[in-house]
>>> print(open('coords_26.cif').read())   # mmCIF, C-alpha atoms and all ligand atoms
data_coords
loop_
_atom_site.label_atom_id
_atom_site.label_comp_id
_atom_site.auth_asym_id
_atom_site.auth_seq_id
_atom_site.Cartn_x
_atom_site.Cartn_y
_atom_site.Cartn_z
CA MET A 26 -33.95 21.83 18.72
CA PRO A 27 -31.34 20.07 16.60
CA ALA A 28 -27.88 19.25 17.92
CA ARG A 29 -25.34 22.00 17.40
CA THR A 30 -22.30 21.62 19.67
CA THR A 31 -19.01 19.83 19.07
CA GLU A 32 -19.95 17.38 21.82
CA ASP A 33 -23.21 16.64 20.06
CA ALA A 34 -21.33 16.00 16.83
CA TRP A 35 -18.93 13.62 18.59
CA ALA A 36 -21.90 11.79 20.13
CA VAL A 37 -23.41 11.31 16.65
CA ILE A 38 -20.09 10.16 15.16
CA ALA A 39 -19.65 7.70 18.03
CA THR A 40 -22.68 5.78 16.72
CA VAL A 41 -21.08 5.09 13.31
CA LEU A 42 -19.92 1.48 13.08
CA ASP A 43 -16.99 0.14 11.11
CA PRO A 44 -18.85 -1.68 8.29
CA GLU A 45 -16.24 -4.46 8.22
CA LEU A 46 -16.00 -4.78 12.00
CA PRO A 47 -19.45 -3.87 13.30
CA ALA A 48 -18.36 -4.65 16.87
CA LEU A 49 -16.51 -1.34 16.85
CA THR A 50 -17.49 2.25 16.28
CA ILE A 51 -15.14 4.48 14.31
CA VAL A 52 -14.35 6.32 17.55
CA ASP A 53 -13.36 2.99 19.20
CA LEU A 54 -11.12 2.37 16.23
CA GLY A 55 -9.39 5.72 16.70
CA ILE A 56 -9.80 6.95 13.13
CA VAL A 57 -11.63 10.23 13.83
CA ARG A 58 -8.98 12.94 13.66
CA SER A 59 -10.96 16.15 14.17
CA VAL A 60 -14.48 17.49 14.55
CA ALA A 61 -15.05 21.21 14.08
CA VAL A 62 -18.49 22.75 14.53
CA ALA A 63 -19.22 26.28 13.33
CA ASP A 64 -22.39 28.16 12.35
CA GLY A 65 -24.53 25.02 12.50
CA GLY A 66 -22.21 23.13 10.15
CA VAL A 67 -19.56 20.56 10.92
CA ARG A 68 -16.28 19.51 9.38
CA VAL A 69 -14.96 16.03 10.21
CA ALA A 70 -11.58 14.51 9.36
CA ILE A 71 -11.10 10.76 9.41
CA THR A 72 -8.02 8.71 8.61
CA PRO A 73 -7.72 5.16 7.24
CA THR A 74 -6.35 2.28 9.32
CA PHE A 75 -4.61 0.98 6.19
CA THR A 76 -4.23 3.16 3.09
CA ALA A 77 -6.33 0.80 0.99
CA CYS A 78 -9.09 0.29 3.56
CA PRO A 79 -12.11 -0.32 1.32
CA ALA A 80 -14.51 0.82 4.06
CA MET A 81 -13.45 4.48 4.01
CA ARG A 82 -16.01 5.68 1.48
CA VAL A 83 -18.83 3.89 3.28
CA ILE A 84 -17.68 5.41 6.57
CA GLU A 85 -17.52 8.90 5.03
CA ARG A 86 -21.05 8.47 3.75
CA ASP A 87 -22.38 7.13 7.05
CA VAL A 88 -20.81 9.94 9.06
CA ALA A 89 -22.20 12.59 6.73
CA ALA A 90 -25.68 11.05 6.67
CA LYS A 91 -25.91 10.77 10.46
CA LEU A 92 -24.67 14.31 11.03
CA ARG A 93 -27.18 15.68 8.52
CA ALA A 94 -29.97 13.69 10.15
CA ALA A 95 -28.93 15.25 13.48
CA GLY A 96 -29.44 18.70 12.00
CA PHE A 97 -25.93 19.78 11.05
CA SER A 98 -25.60 21.71 7.81
CA PRO A 99 -23.38 21.93 5.88
CA VAL A 100 -21.51 18.69 6.63
CA THR A 101 -18.03 18.03 5.26
CA VAL A 102 -16.20 14.75 5.80
CA GLU A 103 -12.64 14.49 4.55
CA THR A 104 -9.98 11.81 4.68
CA VAL A 105 -6.55 12.85 5.94
CA LEU A 106 -3.33 10.86 6.25
CA ALA A 107 -1.63 12.70 9.10
CA PRO A 108 -1.21 11.97 11.87
CA ALA A 109 -1.09 8.41 10.58
CA TRP A 110 -3.25 5.83 12.35
CA THR A 111 -1.53 3.00 14.17
CA SER A 112 -3.17 0.30 16.26
CA ASP A 113 -2.10 2.28 19.35
CA TRP A 114 -4.95 4.69 18.53
CA MET A 115 -7.41 1.95 19.46
CA SER A 116 -8.82 2.30 22.98
CA ASP A 117 -8.66 -0.42 25.65
CA ALA A 118 -12.45 -0.64 25.54
CA ALA A 119 -12.23 -1.25 21.80
CA ARG A 120 -9.68 -4.02 22.33
CA ALA A 121 -12.01 -5.73 24.80
CA LYS A 122 -14.90 -5.48 22.31
CA LEU A 123 -12.75 -6.98 19.55
CA LYS A 124 -11.76 -9.93 21.72
CA ALA A 125 -15.39 -10.53 22.70
CA TYR A 126 -16.20 -10.49 18.97
CA GLY A 127 -13.64 -13.28 18.41
CA ILE A 128 -10.81 -11.24 16.95
CA ALA A 129 -7.49 -11.10 18.80
CA PRO A 130 -6.80 -7.43 19.56
CA PRO A 131 -3.45 -5.78 18.75
CA GLY A 132 -0.76 -5.50 21.39
CA ARG A 133 1.15 -2.28 21.98
CA LEU A 134 3.21 -1.19 19.02
CA SER A 135 6.12 -0.06 21.17
CA ALA A 136 6.48 -3.58 22.57
CA LEU A 137 6.45 -5.04 19.07
CA THR A 138 9.02 -2.66 17.62
CA ALA A 139 11.26 -3.12 20.65
CA SER A 140 11.20 -6.87 20.02
CA ARG A 141 12.27 -6.47 16.41
CA SER A 142 15.86 -6.94 15.44
CA GLY A 143 17.43 -7.58 12.09
CA SER A 144 15.72 -8.30 8.81
CA PRO A 145 11.90 -8.36 8.63
CA TRP A 146 11.83 -11.73 6.87
CA LEU A 147 13.86 -13.44 9.59
CA GLU A 148 11.67 -12.19 12.42
CA ARG A 149 10.06 -14.83 14.57
CA ASP A 150 6.37 -14.06 14.76
CA ARG A 151 5.19 -13.30 18.24
CA ALA A 152 2.48 -15.67 19.39
CA VAL A 153 -0.87 -13.89 19.54
CA PRO A 154 -3.04 -15.15 22.43
CA CYS A 155 -6.12 -17.03 21.25
CA PRO A 156 -9.25 -14.86 21.67
CA ARG A 157 -11.36 -17.94 22.38
CA CYS A 158 -9.39 -19.92 24.96
CA ASP A 159 -6.63 -17.42 25.87
CA SER A 160 -3.91 -19.97 25.15
CA ALA A 161 -0.55 -18.52 24.18
CA ASP A 162 0.21 -21.68 22.21
CA THR A 163 -0.70 -20.28 18.79
CA GLU A 164 1.00 -20.00 15.41
CA SER A 165 0.89 -17.49 12.60
CA ILE A 166 -0.65 -18.65 9.32
CA SER A 167 -0.42 -15.48 7.27
CA ASP A 168 0.18 -11.73 7.54
CA PHE A 169 -2.82 -11.34 5.28
CA GLY A 170 -6.47 -12.03 5.94
CA SER A 171 -9.97 -10.99 4.95
CA THR A 172 -9.19 -7.26 5.25
CA PRO A 173 -5.88 -5.33 5.16
CA CYS A 174 -5.96 -4.81 8.94
CA LYS A 175 -6.12 -8.49 9.90
CA SER A 176 -3.74 -11.46 9.95
CA LEU A 177 -4.53 -15.18 10.28
CA HIS A 178 -3.52 -17.46 13.17
CA ARG A 179 -4.19 -20.91 14.53
CA CYS A 180 -4.55 -21.97 18.15
CA ARG A 181 -2.84 -25.25 19.00
CA ALA A 182 -4.77 -25.60 22.26
CA CYS A 183 -8.34 -25.34 20.94
CA ALA A 184 -7.47 -25.98 17.26
CA GLU A 185 -9.45 -22.97 16.09
CA THR A 186 -8.28 -20.62 13.36
CA PHE A 187 -8.67 -16.98 14.33
CA GLU A 188 -8.09 -13.47 13.05
CA HIS A 189 -5.88 -10.89 14.69
CA PHE A 190 -6.20 -7.14 14.28
CA LYS A 191 -2.62 -6.41 13.25
CA CYS A 192 -0.36 -4.60 15.65
CA HIS A 193 0.80 -2.01 13.17
CA MET B 23 -6.92 38.44 -14.77
CA PRO B 24 -9.97 36.14 -14.95
CA ASP B 25 -11.75 35.53 -11.64
CA GLY B 26 -10.88 31.85 -11.55
CA ALA B 27 -7.13 32.45 -11.78
CA SER B 28 -6.89 34.09 -8.36
CA GLN B 29 -8.28 30.92 -6.77
CA LEU B 30 -5.31 28.79 -7.79
CA THR B 31 -3.39 28.35 -4.57
CA THR B 32 -0.38 26.55 -6.02
CA PRO B 33 0.93 26.75 -9.57
CA ALA B 34 1.53 23.55 -11.53
CA ASP B 35 4.84 21.88 -10.74
CA PHE B 36 5.48 19.66 -13.75
CA ALA B 37 8.79 18.24 -12.57
CA PHE B 38 7.29 17.11 -9.27
CA ALA B 39 4.14 15.89 -11.02
CA GLY B 40 6.32 13.77 -13.28
CA TYR B 41 7.97 12.16 -10.28
CA LEU B 42 4.60 11.50 -8.60
CA ALA B 43 3.40 9.89 -11.83
CA ARG B 44 6.37 7.52 -11.80
CA LEU B 45 5.49 6.39 -8.28
CA ALA B 46 1.71 6.34 -8.72
CA ASP B 47 1.75 4.48 -12.02
CA SER B 48 4.26 1.92 -10.78
CA HIS B 49 2.00 1.04 -7.83
CA LEU B 50 -1.10 1.06 -10.05
CA VAL B 51 0.33 -1.23 -12.70
CA LEU B 52 1.96 -3.61 -10.22
CA GLY B 53 -1.34 -3.75 -8.34
CA HIS B 54 -3.15 -4.67 -11.54
CA ARG B 55 -0.67 -7.45 -12.31
CA LEU B 56 -1.00 -8.84 -8.78
CA SER B 57 -4.79 -8.69 -8.98
CA GLU B 58 -4.58 -11.08 -11.95
CA TRP B 59 -3.69 -13.76 -9.38
CA CYS B 60 -7.09 -13.43 -7.71
CA GLY B 61 -8.59 -16.92 -7.70
CA HIS B 62 -5.37 -18.47 -9.08
CA GLY B 63 -3.12 -18.53 -6.00
CA PRO B 64 -1.33 -21.82 -5.34
CA VAL B 65 -3.11 -22.13 -1.97
CA LEU B 66 -5.95 -20.12 -0.44
CA GLU B 67 -3.70 -18.22 1.99
CA GLU B 68 -1.42 -17.16 -0.86
CA ASP B 69 -4.36 -16.11 -2.98
CA LEU B 70 -5.41 -13.85 -0.10
CA ALA B 71 -1.86 -12.58 0.32
CA LEU B 72 -1.40 -11.66 -3.35
CA THR B 73 -4.77 -9.93 -3.51
CA ASN B 74 -3.97 -8.04 -0.29
CA LEU B 75 -0.71 -6.91 -1.86
CA ALA B 76 -2.66 -5.84 -4.94
CA LEU B 77 -5.14 -3.90 -2.82
CA ASP B 78 -2.31 -2.11 -1.00
CA CYS B 79 -0.79 -1.14 -4.34
CA LEU B 80 -4.11 0.31 -5.49
CA GLY B 81 -4.41 2.21 -2.21
CA HIS B 82 -0.95 3.70 -2.63
CA ALA B 83 -1.66 4.53 -6.27
CA THR B 84 -4.93 6.25 -5.33
CA VAL B 85 -3.23 8.57 -2.84
CA LEU B 86 -0.37 9.37 -5.22
CA LEU B 87 -2.65 9.97 -8.20
CA ARG B 88 -4.60 12.52 -6.16
CA LEU B 89 -1.36 14.32 -5.38
CA LEU B 90 -0.45 14.13 -9.06
CA GLY B 91 -3.75 15.71 -10.12
CA GLN B 92 -2.97 18.65 -7.84
CA ALA B 93 0.71 18.96 -8.76
CA ASP B 94 0.10 19.03 -12.51
CA GLY B 95 -2.52 21.74 -12.10
CA THR B 96 -5.26 19.80 -13.92
CA GLY B 97 -7.29 18.89 -10.83
CA ARG B 98 -7.93 15.44 -12.32
CA ASP B 99 -8.97 12.84 -9.75
CA GLU B 100 -7.52 9.35 -9.38
CA ASP B 101 -10.15 7.75 -11.60
CA GLN B 102 -9.61 10.18 -14.45
CA LEU B 103 -5.88 9.62 -14.22
CA ALA B 104 -6.06 5.83 -13.98
CA TYR B 105 -8.72 5.22 -16.61
CA PHE B 106 -8.45 8.03 -19.13
CA ARG B 107 -4.76 8.29 -19.92
CA GLU B 108 -3.08 6.43 -22.79
CA ALA B 109 -0.10 4.11 -22.45
CA VAL B 110 2.37 6.82 -23.57
CA GLU B 111 1.18 9.01 -20.69
CA PHE B 112 1.93 6.32 -18.09
CA ARG B 113 5.21 6.75 -16.22
CA ASN B 114 5.58 3.40 -14.43
CA VAL B 115 8.86 1.52 -14.48
CA LEU B 116 9.04 -1.27 -17.07
CA LEU B 117 9.55 -3.89 -14.35
CA VAL B 118 5.96 -3.75 -13.14
CA GLU B 119 4.17 -3.92 -16.49
CA GLN B 120 5.64 -7.25 -17.63
CA PRO B 121 3.29 -10.26 -17.47
CA ASN B 122 3.32 -12.18 -14.19
CA GLY B 123 4.83 -15.40 -15.46
CA ASP B 124 4.85 -18.21 -12.91
CA PHE B 125 4.66 -17.88 -9.14
CA ALA B 126 8.45 -17.61 -8.83
CA ARG B 127 8.52 -14.64 -11.21
CA THR B 128 5.59 -13.00 -9.45
CA ILE B 129 7.22 -13.32 -6.05
CA ALA B 130 10.66 -12.29 -7.31
CA ARG B 131 9.19 -9.12 -8.78
CA VAL B 132 7.35 -8.24 -5.56
CA PHE B 133 10.62 -8.83 -3.74
CA LEU B 134 12.73 -6.63 -6.05
CA PHE B 135 10.13 -3.86 -6.01
CA ALA B 136 9.42 -3.97 -2.25
CA ALA B 137 13.15 -3.94 -1.48
CA TYR B 138 13.24 -0.65 -3.41
CA ALA B 139 9.94 0.80 -2.17
CA LEU B 140 10.64 0.30 1.53
CA PRO B 141 13.81 2.45 1.71
CA LEU B 142 12.31 4.89 -0.81
CA TYR B 143 9.29 5.63 1.36
CA GLU B 144 11.43 5.56 4.47
CA GLN B 145 13.34 8.49 2.95
CA LEU B 146 10.29 10.19 1.45
CA GLN B 147 8.92 10.59 4.99
CA ARG B 148 11.34 13.52 5.16
CA SER B 149 10.18 15.10 1.88
CA THR B 150 9.69 18.87 2.03
CA ASP B 151 6.28 18.24 0.44
CA ALA B 152 4.06 17.67 3.47
CA ALA B 153 1.44 15.64 1.61
CA LEU B 154 4.00 13.27 0.10
CA ALA B 155 5.75 12.94 3.46
CA ALA B 156 2.43 12.03 5.11
CA ALA B 157 1.69 9.47 2.40
CA ALA B 158 5.14 7.94 2.80
CA THR B 159 4.68 7.70 6.57
CA LYS B 160 1.42 5.88 5.95
CA PHE B 161 2.79 3.53 3.27
CA HIS B 162 6.02 2.54 4.97
CA PRO B 163 4.76 0.02 7.56
CA GLU B 164 2.43 -1.47 4.94
CA LEU B 165 5.29 -2.02 2.50
CA ARG B 166 7.20 -3.78 5.25
CA TYR B 167 4.66 -6.62 5.00
CA HIS B 168 5.30 -6.80 1.25
CA LEU B 169 9.03 -7.21 1.69
CA ARG B 170 8.59 -9.65 4.56
CA HIS B 171 6.19 -11.81 2.60
CA ALA B 172 8.17 -11.84 -0.64
CA ALA B 173 11.55 -12.37 1.05
CA ARG B 174 10.20 -15.32 3.02
CA TRP B 175 9.08 -16.92 -0.24
CA MET B 176 12.51 -16.17 -1.72
CA LEU B 177 14.06 -18.23 1.09
CA ILE B 178 11.52 -21.04 0.78
CA LEU B 179 11.79 -21.35 -3.01
CA GLY B 180 15.48 -20.50 -3.38
CA ASP B 181 16.56 -22.87 -0.65
CA GLY B 182 13.84 -25.42 -1.50
CA THR B 183 13.81 -28.14 -4.15
CA ASP B 184 16.00 -28.20 -7.24
CA GLU B 185 12.98 -27.21 -9.31
CA SER B 186 11.92 -24.28 -7.11
CA HIS B 187 15.52 -23.08 -6.95
CA ARG B 188 15.91 -23.29 -10.73
CA ARG B 189 12.70 -21.38 -11.35
CA LEU B 190 13.48 -18.63 -8.87
CA GLN B 191 17.00 -18.17 -10.23
CA GLU B 192 15.50 -17.90 -13.70
CA ALA B 193 13.06 -15.30 -12.38
CA ILE B 194 15.79 -13.16 -10.80
CA ASP B 195 17.84 -13.36 -14.00
CA ALA B 196 14.81 -12.37 -16.09
CA TRP B 197 13.92 -9.35 -13.95
CA TRP B 198 17.46 -8.12 -13.43
CA PRO B 199 17.72 -5.93 -16.58
CA TYR B 200 14.66 -4.03 -15.31
CA THR B 201 16.14 -3.13 -11.94
CA GLY B 202 18.45 -0.35 -13.13
CA GLU B 203 15.44 1.80 -14.00
CA LEU B 204 14.41 1.89 -10.33
CA PHE B 205 17.45 4.05 -9.58
CA ALA B 206 17.79 6.06 -12.78
CA LEU B 207 18.34 9.79 -12.39
CA TRP B 208 16.13 11.65 -14.88
CA PRO B 209 16.77 15.22 -16.07
CA ASP B 210 14.22 16.83 -13.72
CA ASP B 211 15.43 14.91 -10.66
CA PRO B 212 18.46 16.95 -9.50
CA ALA B 213 16.28 20.03 -9.00
CA LEU B 214 13.72 17.97 -7.02
CA ILE B 215 16.53 16.57 -4.86
CA GLU B 216 17.89 20.09 -4.39
CA ARG B 217 14.46 21.22 -3.15
CA GLY B 218 14.38 18.34 -0.66
CA LEU B 219 11.31 16.83 -2.29
CA ILE B 220 12.84 13.45 -3.14
CA PRO B 221 15.91 11.46 -2.05
CA HIS B 222 18.85 10.85 -4.36
CA PRO B 223 18.27 7.44 -5.99
CA ASP B 224 21.78 6.32 -4.97
CA ARG B 225 20.70 6.47 -1.32
CA VAL B 226 17.74 4.21 -2.05
CA ARG B 227 19.94 1.91 -4.11
CA ALA B 228 22.37 1.41 -1.22
CA ALA B 229 19.57 0.03 0.98
CA TRP B 230 18.21 -2.05 -1.90
CA GLU B 231 21.63 -3.55 -2.58
CA ALA B 232 22.00 -4.55 1.07
CA THR B 233 18.62 -6.31 1.06
CA ILE B 234 19.25 -8.04 -2.26
CA THR B 235 22.68 -9.27 -1.21
CA GLU B 236 21.38 -10.60 2.09
CA VAL B 237 18.33 -12.39 0.71
CA LEU B 238 19.99 -13.82 -2.41
CA GLY B 239 22.74 -15.18 -0.16
CA GLN B 240 20.31 -16.72 2.32
CA ALA B 241 18.28 -18.19 -0.54
CA ARG B 242 21.40 -19.69 -2.22
CA LEU B 243 20.68 -17.65 -5.34
CA ALA B 244 23.33 -16.22 -7.63
CA ARG B 245 23.41 -12.52 -8.23
CA PRO B 246 23.29 -11.77 -11.96
CA VAL B 247 26.57 -10.56 -13.44
CA ALA B 248 27.47 -6.92 -12.96
CA GLY B 249 27.42 -4.54 -15.90
CA MET B 250 24.38 -6.08 -17.55
CA HIS B 251 22.59 -3.77 -19.98
CA MET B 252 19.68 -2.12 -18.18
CA LEU B 253 16.36 -1.32 -19.88
CA LEU B 254 15.10 2.25 -19.58
CA GLY B 255 11.97 3.97 -20.86
CA GLY B 256 8.91 3.65 -18.61
CA PRO B 257 9.35 6.99 -16.81
CA ILE B 258 9.50 8.82 -20.16
CA GLY B 259 6.48 6.96 -21.55
CA ARG B 260 8.42 4.47 -23.70
CA HIS B 261 6.73 1.25 -22.70
CA THR B 262 6.75 -2.33 -23.86
CA GLU B 263 3.83 -3.59 -25.92
CA THR B 264 2.32 -5.42 -22.98
CA LEU B 265 1.23 -2.23 -21.16
CA GLY B 266 -1.34 -1.49 -23.85
CA TYR B 267 -3.05 -4.83 -23.29
CA LEU B 268 -2.96 -4.36 -19.53
CA LEU B 269 -4.53 -0.89 -19.78
CA ALA B 270 -7.17 -2.10 -22.22
CA GLU B 271 -8.38 -4.54 -19.61
CA MET B 272 -8.02 -2.12 -16.70
CA GLN B 273 -9.76 0.78 -18.45
CA ILE B 274 -12.51 -0.88 -20.50
CA VAL B 275 -15.33 -0.63 -17.94
CA ALA B 276 -14.63 2.99 -17.04
CA ARG B 277 -14.39 3.95 -20.71
CA SER B 278 -17.48 2.04 -21.75
CA PHE B 279 -19.60 3.57 -18.99
CA PRO B 280 -18.02 6.94 -18.12
CA GLY B 281 -19.12 8.22 -14.73
CA ALA B 282 -20.86 4.97 -13.83
CA SER B 283 -21.18 4.19 -10.14
CA TRP B 284 -22.29 1.08 -8.32
ZN ZN C 1 -7.66 -21.35 21.44
#
>>> encode(input="coords_26.cif", output="structure tokens")
Amino acid sequence: MPARTTEDAWAVIATVLDPELPALTIVDLGIVRSVAVADGGVRVAITPTFTACPAMRVIERDVAAKLRAAGFSPVTVETVLAPAWTSDWMSDAARAKLKAYGIAPPGRLSALTASRSGSPWLERDRAVPCPRCDSADTESISDFGSTPCKSLHRCRACAETFEHFKCH
Amino acid sequence: MPDGASQLTTPADFAFAGYLARLADSHLVLGHRLSEWCGHGPVLEEDLALTNLALDCLGHATVLLRLLGQADGTGRDEDQLAYFREAVEFRNVLLVEQPNGDFARTIARVFLFAAYALPLYEQLQRSTDAALAAAATKFHPELRYHLRHAARWMLILGDGTDESHRRLQEAIDAWWPYTGELFALWPDDPALIERGLIPHPDRVRAAWEATITEVLGQARLARPVAGMHMLLGGPIGRHTETLGYLLAEMQIVARSFPGASW
């Protein structure tokens, strides 16, 4: 008997990995906005981390394929922009997985915005703790990295360069 | 009434579509110019930064082009709009279509545009069009990185060596006649403002002026003289010759292999 409930659909979706960050599922990432099951079919809404996230089409395809394989029909996956994703949508478990994967997880957005004052270009970058050695003695290299959601940093303690999932 | 007609949920709104085209095409064309830096950045980190900025621009253009295809009633998707319109149908501001020039010019243009885009999308978050408001809410924090990045370079180059200062001043002077178009009020705009769809350009200009004044001052750069003649034409499809060459390169693959996927 194929899966048919909303819970079943969520369980299927929770197996879809972020193709650019395979340590995380898309549920960990917090980008699944709604799952509606009716008459054997399912309608899923996902939202991008960053507008230009190149992984969105792959994720849409993966979600649809897995739901169809689980017996849902018809399957609709759409991308929505509201409510907008921020890194606060990422679960604590997801942050721990990211760190274990070698990527410094985002802090809380409220703490970041509270620390901001004045012009963006004069801001002093907050030191991101090193995911390898936990040292706070790190420096920012660039706001931009290998994907839109990551920035580049260097640890002065262990001398490693590391990526940080932007607090955004 | 034909059957299909009853399925149209919203009638075409050409004035609003025209405004969306101005935004969408400006991001698209600026993104294309920035992508030309891919593999040519002065250092690896900057190459990554410029291509990330380009990618953001394409992302913003994609969202806005989809809204445009709905607003103009044609149902065209972002690919049809990006690849199968002619230069005269593009509505981008003239600033973004000009060739990149050197790194100083490239950075100065990102700075001038981001200093406009950030307050624009801040205000568009309150648009009475829910889809545009949602897009603006999404874009705003992303554009903050653009302004931050470009303004930091403005300080480094402007307050750097004699040569970097000279080049950046030259860049600001060269772009200045294109900045008036960012805040031009076109004939359809008052009605859009009245409907709460878009902010009055003067409100965006006030924020832009504050940013420009602050950064030029910190970078020891001179503000170009007031009253300079401003170039207008992009938003009514009167472009400079260079856009045709840019589009030829951007559109050639899609036009040579229509509907191709890979
Ligand atoms: Zn370390």
>>> residues_around(input="coords_26.cif", residues="Leu103 of chain B", least_positions_apart="3", cutoff="12 Å", atoms="only C-alpha atoms", output="PyMOL selection string")
chain B and resi 43+46-47+50+83-92+94+96-100+106-109+111-113+269+273+276
>>> interface_residues(input="coords_26.cif", of="chain B", to="chain A", cutoff="10 Å", atoms="only C-alpha atoms", output="PyMOL selection string")
chain B and resi 67-85+152-161+163-164+166-177+233+236-237
>>> closest_residue(input="coords_26.cif", among="A:Leu123, A:Ala95, A:Cys183, A:Ala63", to="ligand ZN 1 (chain C)", atoms="only C-alpha atoms and all ligand atoms")
A:Cys183
>>> atom_distance(input="coords_26.cif", atom1="atom CA of Ser116 of chain A", atom2="atom CA of Thr186 of chain A")
24.9 Å
>>> residues_near_point(input="coords_26.cif", point="(22.7, -2.5, -23.1)", cutoff="12 Å", atoms="all atoms listed in the file", output="PDB file with C-alpha atoms, keeping the file's coordinate frame")
ATOM      1  CA  PRO B 199      17.720  -5.930 -16.580  1.00  0.00           C
ATOM      2  CA  TYR B 200      14.660  -4.030 -15.310  1.00  0.00           C
ATOM      3  CA  GLY B 202      18.450  -0.350 -13.130  1.00  0.00           C
ATOM      4  CA  GLY B 249      27.420  -4.540 -15.900  1.00  0.00           C
ATOM      5  CA  MET B 250      24.380  -6.080 -17.550  1.00  0.00           C
ATOM      6  CA  HIS B 251      22.590  -3.770 -19.980  1.00  0.00           C
ATOM      7  CA  MET B 252      19.680  -2.120 -18.180  1.00  0.00           C
ATOM      8  CA  LEU B 253      16.360  -1.320 -19.880  1.00  0.00           C
ATOM      9  CA  LEU B 254      15.100   2.250 -19.580  1.00  0.00           C
TER      10      LEU B 254
END
>>> atom_distance(input="coords_26.cif", atom1="atom CA of Ala70 of chain A", atom2="atom CA of Thr101 of chain A")
8.4 Å
>>> residues_near_ligand(input="coords_26.cif", ligand="ligand ZN 1 (chain C)", cutoff="7 Å", atoms="all atoms listed in the file", output="PyMOL selection string")
chain A and resi 155-160+180-185
>>> residues_around(input="coords_26.cif", residues="Glu271 of chain B", least_positions_apart="2", cutoff="12 Å", atoms="only C-alpha atoms", output="list in words")
Val51, His54, Arg55, Ser57, Glu58, Tyr105, Thr264, Leu265, Gly266, Tyr267, Leu268, Leu269, Gln273, Ile274, Val275, Ala276, Arg277 and Ser278 of chain B
>>> write_last_selection(input="coords_26.cif", atoms="C-alpha atoms", output="PDB file, in the frame of the given file")
ATOM      1  CA  VAL B  51       0.330  -1.230 -12.700  1.00  0.00           C
ATOM      2  CA  HIS B  54      -3.150  -4.670 -11.540  1.00  0.00           C
ATOM      3  CA  ARG B  55      -0.670  -7.450 -12.310  1.00  0.00           C
ATOM      4  CA  SER B  57      -4.790  -8.690  -8.980  1.00  0.00           C
ATOM      5  CA  GLU B  58      -4.580 -11.080 -11.950  1.00  0.00           C
ATOM      6  CA  TYR B 105      -8.720   5.220 -16.610  1.00  0.00           C
ATOM      7  CA  THR B 264       2.320  -5.420 -22.980  1.00  0.00           C
ATOM      8  CA  LEU B 265       1.230  -2.230 -21.160  1.00  0.00           C
ATOM      9  CA  GLY B 266      -1.340  -1.490 -23.850  1.00  0.00           C
ATOM     10  CA  TYR B 267      -3.050  -4.830 -23.290  1.00  0.00           C
ATOM     11  CA  LEU B 268      -2.960  -4.360 -19.530  1.00  0.00           C
ATOM     12  CA  LEU B 269      -4.530  -0.890 -19.780  1.00  0.00           C
ATOM     13  CA  GLN B 273      -9.760   0.780 -18.450  1.00  0.00           C
ATOM     14  CA  ILE B 274     -12.510  -0.880 -20.500  1.00  0.00           C
ATOM     15  CA  VAL B 275     -15.330  -0.630 -17.940  1.00  0.00           C
ATOM     16  CA  ALA B 276     -14.630   2.990 -17.040  1.00  0.00           C
ATOM     17  CA  ARG B 277     -14.390   3.950 -20.710  1.00  0.00           C
ATOM     18  CA  SER B 278     -17.480   2.040 -21.750  1.00  0.00           C
TER      19      SER B 278
END
>>> residues_around(input="coords_26.cif", residues="Glu32 of chain A", least_positions_apart="6", cutoff="10 Å", atoms="only C-alpha atoms", output="PyMOL selection string")
chain A and resi 38+60-62
>>> atom_distance(input="coords_26.cif", atom1="atom CA of Thr31 of chain A", atom2="atom CA of Ile56 of chain A")
16.9 Å
>>> residues_near_point(input="coords_26.cif", point="(5.8, -2.9, -14.1)", cutoff="6 Å", atoms="only C-alpha atoms", output="MDAnalysis selection string")
chainID B and resid 51:52 115:120
>>> write_last_selection(input="coords_26.cif", atoms="C-alpha atoms", output="PDB file, in the coordinates of the input")
ATOM      1  CA  VAL B  51       0.330  -1.230 -12.700  1.00  0.00           C
ATOM      2  CA  LEU B  52       1.960  -3.610 -10.220  1.00  0.00           C
ATOM      3  CA  VAL B 115       8.860   1.520 -14.480  1.00  0.00           C
ATOM      4  CA  LEU B 116       9.040  -1.270 -17.070  1.00  0.00           C
ATOM      5  CA  LEU B 117       9.550  -3.890 -14.350  1.00  0.00           C
ATOM      6  CA  VAL B 118       5.960  -3.750 -13.140  1.00  0.00           C
ATOM      7  CA  GLU B 119       4.170  -3.920 -16.490  1.00  0.00           C
ATOM      8  CA  GLN B 120       5.640  -7.250 -17.630  1.00  0.00           C
TER       9      GLN B 120
END
>>> closest_residue(input="coords_26.cif", among="A:Ser59, A:Val52, A:Thr72, A:Trp35", to="Ala119 of chain A", atoms="all atoms listed in the file")
A:Val52
>>> closest_residue(input="coords_26.cif", among="B:Asp151, B:Leu134, B:Thr32, B:Asp124", to="Thr235 of chain B", atoms="all atoms listed in the file")
B:Leu134
>>> closest_residue(input="coords_26.cif", among="B:Ala130, B:Ala93, B:Ala241, B:Ala270", to="Tyr41 of chain B", atoms="all atoms listed in the file")
B:Ala93
